[in-house]
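Engineer: Sharing entry_36.txt below, compact mmCIF, C-alpha atoms and all ligand atoms:
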# COMPACT_ATOMS: atom_id res chain seq x y z
CA MET L 296 0.00 0.00 0.00
CA SER L 297 1.34 3.44 -0.88
CA ASP L 298 1.69 6.12 1.80
CA GLU L 299 -1.08 7.97 0.12
CA ASP L 300 -3.50 5.04 0.22
CA ALA L 301 -2.61 4.55 3.85
CA ALA L 302 -3.39 8.21 4.60
CA LEU L 303 -6.84 7.74 3.11
CA ILE L 304 -7.70 4.96 5.52
CA ALA L 305 -6.15 6.76 8.50
CA PRO L 306 -8.54 7.49 11.39
CA ASN L 307 -10.82 10.44 10.63
CA PRO L 308 -12.25 11.63 13.95
CA ASP L 309 -13.51 14.87 12.36
CA LYS L 310 -15.51 13.21 9.60
CA THR L 311 -18.93 14.43 10.76
CA ALA L 312 -17.66 17.98 11.28
CA LEU L 313 -16.01 17.99 7.84
CA LYS L 314 -19.24 16.86 6.26
CA ARG L 315 -21.16 19.64 7.99
CA VAL L 316 -18.64 22.37 7.08
CA GLY L 317 -18.65 21.11 3.50
CA GLU L 318 -22.42 21.38 3.33
CA PHE L 319 -22.82 24.92 4.53
CA VAL L 320 -19.86 26.36 2.63
CA ARG L 321 -21.01 24.63 -0.58
CA ALA L 322 -24.47 26.18 -0.24
CA ARG L 323 -23.05 29.62 0.50
CA LEU L 324 -20.66 29.60 -2.44
CA ALA L 325 -23.36 28.35 -4.80
CA ALA L 326 -25.44 31.40 -3.89
CA ASP L 327 -22.57 33.86 -4.48
CA PRO L 328 -22.52 35.32 -8.02
CA SER L 329 -18.84 36.37 -7.68
CA ILE L 330 -17.77 32.73 -7.30
CA TYR L 331 -17.12 30.34 -10.17
CA ARG L 332 -17.02 26.56 -9.71
CA VAL L 333 -14.33 24.77 -11.67
CA PRO L 334 -16.37 22.31 -13.75
CA ILE L 335 -15.08 18.98 -12.48
CA ASP L 336 -16.91 16.37 -10.43
CA GLN L 337 -14.08 14.85 -8.42
CA ALA L 338 -13.34 17.86 -6.23
CA GLU L 339 -15.01 21.10 -5.15
CA ILE L 340 -12.71 23.84 -6.44
CA PHE L 341 -13.90 27.44 -6.77
CA ALA L 342 -12.39 30.68 -8.03
CA SER L 343 -13.07 34.38 -8.02
CA SER L 344 -11.06 36.65 -10.27
CA ASP L 345 -10.98 39.97 -8.41
CA PHE L 346 -11.01 39.14 -4.77
CA LEU L 347 -8.26 41.63 -3.85
CA SER L 348 -7.45 44.97 -5.46
CA SER L 349 -3.97 45.71 -6.81
CA ALA L 350 -3.31 48.07 -3.91
CA GLU L 351 -4.29 45.35 -1.42
CA CYS L 352 -2.03 42.85 -3.18
CA ASP L 353 0.91 45.29 -3.05
CA ARG L 354 0.40 45.89 0.62
CA LEU L 355 0.43 42.14 1.35
CA ILE L 356 3.50 41.61 -0.85
CA ALA L 357 5.39 44.20 1.20
CA MET L 358 4.34 42.44 4.42
CA ILE L 359 5.51 39.05 3.09
CA ASP L 360 8.88 40.49 2.15
CA GLU L 361 9.23 41.66 5.75
CA VAL L 362 8.50 38.29 7.34
CA ALA L 363 9.84 35.81 4.74
CA ARG L 364 11.82 32.93 6.16
CA PRO L 365 12.33 29.33 4.92
CA SER L 366 9.07 27.39 4.82
CA GLU L 367 8.26 24.62 7.23
CA THR L 368 5.83 21.90 6.30
CA PHE L 369 4.46 19.31 8.64
CA ASP L 370 6.65 16.70 7.05
CA ALA L 371 9.91 17.48 8.77
CA GLU L 372 11.88 14.72 7.07
CA ASP L 373 12.04 15.93 3.53
CA HIS L 374 10.60 19.39 3.72
CA TYR L 375 13.40 21.01 1.79
CA ALA L 376 12.65 18.90 -1.26
CA TYR L 377 8.95 19.42 -0.74
CA ARG L 378 8.48 23.12 -0.40
CA THR L 379 11.31 25.40 -1.35
CA SER L 380 9.55 28.75 -1.14
CA TYR L 381 9.72 31.22 1.72
CA SER L 382 6.80 31.68 4.05
CA GLY L 383 5.70 33.48 7.13
CA ASP L 384 2.59 34.39 9.05
CA VAL L 385 1.69 37.97 8.26
CA ASN L 386 0.89 39.95 11.41
CA PRO L 387 -2.59 38.73 12.46
CA ASP L 388 -3.10 41.79 14.67
CA ASP L 389 -2.64 44.25 11.83
CA SER L 390 -5.99 45.91 11.08
CA PHE L 391 -5.53 45.58 7.32
CA VAL L 392 -4.77 41.83 7.62
CA ARG L 393 -7.79 41.44 9.88
CA MET L 394 -9.99 43.07 7.28
CA ILE L 395 -8.80 40.59 4.60
CA GLU L 396 -9.34 37.71 7.03
CA ARG L 397 -12.87 38.86 7.79
CA ARG L 398 -13.65 39.02 4.08
CA LEU L 399 -12.47 35.45 3.56
CA SER L 400 -14.34 34.20 6.58
CA ASP L 401 -17.51 35.96 5.45
CA LEU L 402 -17.24 34.59 1.93
CA LEU L 403 -17.04 31.00 3.16
CA GLY L 404 -19.36 31.51 6.10
CA ILE L 405 -16.90 29.91 8.50
CA ASP L 406 -16.19 31.75 11.75
CA LEU L 407 -12.80 33.45 11.61
CA ALA L 408 -11.91 31.77 14.89
CA TRP L 409 -11.95 28.43 13.07
CA SER L 410 -9.07 29.35 10.79
CA GLU L 411 -5.32 29.50 11.00
CA THR L 412 -3.74 32.93 10.66
CA ILE L 413 -2.93 33.97 7.10
CA GLN L 414 0.34 32.65 5.78
CA GLY L 415 2.25 34.50 3.08
CA GLN L 416 4.51 32.71 0.60
CA ARG L 417 7.12 33.92 -1.83
CA TYR L 418 8.68 31.80 -4.58
CA PHE L 419 11.80 32.86 -6.42
CA PRO L 420 12.82 31.25 -9.75
CA GLY L 421 13.32 27.50 -9.26
CA GLN L 422 11.24 27.42 -6.08
CA GLU L 423 8.13 25.27 -5.88
CA PHE L 424 5.81 23.36 -3.60
CA LYS L 425 5.67 19.74 -4.70
CA GLU L 426 2.43 17.81 -4.87
CA HIS L 427 0.73 17.39 -1.53
CA ASN L 428 -2.61 17.44 0.22
CA ASP L 429 -3.42 20.15 2.73
CA TRP L 430 -5.11 17.84 5.24
CA PHE L 431 -3.24 16.49 8.23
CA ASP L 432 -2.08 12.91 8.39
CA THR L 433 -3.83 11.69 11.53
CA ARG L 434 -1.16 9.00 12.02
CA ALA L 435 1.68 11.52 12.23
CA PRO L 436 3.12 12.67 15.57
CA TYR L 437 2.02 16.30 14.98
CA TRP L 438 -1.65 15.24 14.81
CA LYS L 439 -2.04 15.01 18.59
CA GLU L 440 -1.34 18.73 18.81
CA GLU L 441 -3.33 19.71 15.72
CA LYS L 442 -6.32 17.70 16.89
CA ARG L 443 -6.40 19.75 20.07
CA ARG L 444 -5.92 23.09 18.34
CA GLY L 445 -8.71 23.02 15.74
CA GLY L 446 -8.75 19.57 14.20
CA GLN L 447 -8.58 18.66 10.56
CA ARG L 448 -8.27 21.26 7.79
CA SER L 449 -11.52 21.64 5.91
CA TRP L 450 -11.32 24.41 3.26
CA THR L 451 -8.26 26.11 1.80
CA ALA L 452 -8.40 29.71 0.58
CA MET L 453 -5.49 31.01 -1.45
CA VAL L 454 -5.02 34.36 -3.19
CA PHE L 455 -2.47 35.09 -5.92
CA LEU L 456 -0.96 38.50 -5.24
CA ASN L 457 0.78 39.05 -8.56
CA ASP L 458 1.08 37.89 -12.14
CA VAL L 459 4.22 35.83 -12.66
CA GLU L 460 6.29 36.24 -15.82
CA GLU L 461 6.62 32.49 -16.29
CA GLY L 462 5.80 29.42 -14.21
CA GLY L 463 4.29 29.18 -10.73
CA THR L 464 1.03 27.58 -11.86
CA THR L 465 -1.04 25.88 -9.18
CA GLN L 466 -1.92 22.46 -10.50
CA PHE L 467 -4.42 19.94 -9.18
CA VAL L 468 -2.45 17.02 -10.46
CA LYS L 469 -5.12 14.29 -10.34
CA VAL L 470 -7.84 16.20 -12.15
CA GLY L 471 -5.79 18.18 -14.67
CA VAL L 472 -6.80 21.61 -13.37
CA LYS L 473 -4.13 24.26 -13.85
CA VAL L 474 -4.45 27.77 -12.47
CA PRO L 475 -1.76 30.23 -13.50
CA PRO L 476 -1.05 33.04 -11.03
CA GLN L 477 -3.36 35.97 -11.61
CA ARG L 478 -3.14 39.09 -9.46
CA GLY L 479 -5.98 39.33 -6.97
CA ALA L 480 -7.57 35.98 -7.89
CA LEU L 481 -8.90 33.72 -5.17
CA LEU L 482 -8.82 29.93 -5.28
CA LEU L 483 -10.89 27.90 -2.80
CA TRP L 484 -11.29 24.21 -2.35
CA ASN L 485 -12.82 21.66 -0.02
CA ASN L 486 -10.15 19.22 1.13
CA ALA L 487 -12.85 16.69 2.01
CA LEU L 488 -15.45 14.77 0.05
CA PRO L 489 -19.14 15.49 0.73
CA ASP L 490 -19.17 12.62 3.24
CA GLY L 491 -16.28 14.14 5.24
CA SER L 492 -13.49 11.81 4.19
CA PRO L 493 -10.28 13.24 2.68
CA ASN L 494 -10.52 13.91 -1.05
CA GLU L 495 -7.41 12.63 -2.81
CA PHE L 496 -8.39 14.59 -5.93
CA THR L 497 -7.42 17.79 -4.14
CA MET L 498 -3.76 16.84 -4.42
CA HIS L 499 -1.97 19.91 -5.76
CA ALA L 500 1.41 21.45 -6.47
CA ALA L 501 2.86 24.89 -7.06
CA LEU L 502 4.99 24.40 -10.16
CA PRO L 503 8.41 26.04 -10.13
CA VAL L 504 8.61 29.73 -10.92
CA GLU L 505 10.64 30.12 -14.07
CA ARG L 506 10.85 33.89 -14.40
CA GLY L 507 9.81 36.56 -11.92
CA VAL L 508 8.64 36.10 -8.32
CA LYS L 509 5.38 34.62 -7.10
CA TYR L 510 3.51 35.78 -4.01
CA VAL L 511 0.44 34.14 -2.48
CA ILE L 512 -1.47 34.17 0.79
CA THR L 513 -3.10 31.05 2.16
CA LYS L 514 -5.66 30.54 4.89
CA TRP L 515 -6.65 27.13 6.13
CA PHE L 516 -10.01 26.65 7.79
CA ARG L 517 -10.40 23.93 10.42
CA THR L 518 -13.34 21.96 11.76
CA ARG L 519 -13.53 23.77 15.09
CA PRO L 520 -11.99 26.82 16.81
CA TRP L 521 -8.27 27.13 16.14
CA SER L 522 -5.72 28.18 18.75
O1 LIG B 1 1.52 28.46 -3.94
C1 LIG B 1 0.71 27.67 -4.44
O2 LIG B 1 0.33 27.76 -5.60
C2 LIG B 1 0.18 26.54 -3.61
C3 LIG B 1 0.40 26.73 -2.14
C4 LIG B 1 -0.07 25.56 -1.35
O3 LIG B 1 -0.41 24.53 -1.87
C5 LIG B 1 -0.12 25.63 0.11
O4 LIG B 1 0.30 26.62 0.69
O5 LIG B 1 -0.62 24.66 0.73
FE FE B 2 -1.33 23.21 -0.43
Just dump the structure as structure tokens.
Ligand SMILES: O=C(O)CCC(=O)C(=O)O
Ligand SMILES: [Fe+2]

Structural biologist:
Amino acid sequence: MSDEDAALIAPNPDKTALKRVGEFVRARLAADPSIYRVPIDQAEIFASSDFLSSAECDRLIAMIDEVARPSETFDAEDHYAYRTSYSGDVNPDDSFVRMIERRLSDLLGIDLAWSETIQGQRYFPGQEFKEHNDWFDTRAPYWKEEKRRGGQRSWTAMVFLNDVEEGGTTQFVKVGVKVPPQRGALLLWNNALPDGSPNEFTMHAALPVERGVKYVITKWFRTRPWS
């Protein structure tokens, strides 16, 4: 059995909560005319082209440049091969950041308290984030802590802050969906299936930047209040 297959049969204590979050966010997004659903059946992936203004993107880019440090993923063993970009939590107490967070939370209809603080990422040429799923592996040592502080990740919200000269496409590798960076565009997806189990079709990668620099912000929503 591959590691990936094993992850899919790992214990899923948050299944019912994931199902419930999936249901209400799905209904809310379906009723929102600014949101487009990527037309595939295997995963719930949504986009909105002008979520942030250029001025808002520039302000976030400047904040990321201030906090950038090497990324950490939850897979300590090979994280350098895995994600080579720079990342950092932008200041969650900043009133401008709070405004962006409130907008995301309102769009999805998930209480802001159920989400991790916004993370900024910057990719220079050659940097990438190899294919992965955003959900936690409930068999990994870190799960004990994550379970206590908000549980499984439900929805991911990501915003591209700039156009990239070449490369940096976000690719959902199992369903053939490719989203090139587009300034201000929001990408949202449900990491779970409608029944609350992890959806392997959400596996995604940030392809290497070839020319220019790529900036994104990401916010992960959980299944209960995050701390
Ligand atoms: O930068 C991207 O395009 C993807 C980022 C990502 O997958 C993540 O932060 O989990
Ligand atoms: Fe991801």

Engineer: How would you report the residues lying within 8 Å of ligand LIG 1 (chain B), as a list in words, if you count only C-alpha atoms and all ligand atoms?

Structural biologist: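 What falls inside 8 Å of ligand LIG 1 (chain B) is Gln414, Gln416, Tyr418, Glu423, Phe424, Glu426, His427, Asn428, Asp429, Thr451, Met453, Phe455, Gly463, Thr464, Thr465, Gln466, Pro476, His499, Ala500, Ala501, Leu502, Lys509, Tyr510, Val511, Ile512 and Thr513 of chain L.
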
Engineer: Calculated over all atoms listed in the file, which of the candidates L:Met498, L:Ala322, L:Met358, L:Val508 has the smallest distance to Val470 (chain L)?

Structural biologist: L:Met498

Engineer: So, counting all atoms listed in the file, which residue among L:Arg323, L:Arg519, L:Arg417, L:Lys314 is closest to Lys442 (chain L)?

Structural biologist: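 Ranking L:Arg323, L:Arg519, L:Arg417, L:Lys314 by distance to Lys442 (chain L), first place goes to L:Arg519.
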
Engineer: Between L:Lys473, L:Arg354, L:Arg444, L:Lys514, which is the closest to Leu399 (chain L) once you count all atoms listed in the file?

Structural biologist: L:Lys514

Engineer: Please list as a PyMOL selection string every residue within 12 Å of Pro328 (chain L), counting only C-alpha atoms and excluding residues in the same chain fewer than 3 positions away.

Structural biologist: chain L and resi 323-325+331-332+341-344+402

Engineer: Could you jot down the CA of Asp336 (chain L) to CA of Asn307 (chain L) separation for me, Å, one decimal place?

Structural biologist: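 Between CA of Asp336 (chain L) and CA of Asn307 (chain L) the gap is 22.7 Å.
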
Engineer: Can you work out the spacing between CA of Ile330 (chain L) and CA of Met394 (chain L) in Å, to one decimal?

Structural biologist: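 Separation of CA of Ile330 (chain L) and CA of Met394 (chain L): 19.5 Å.
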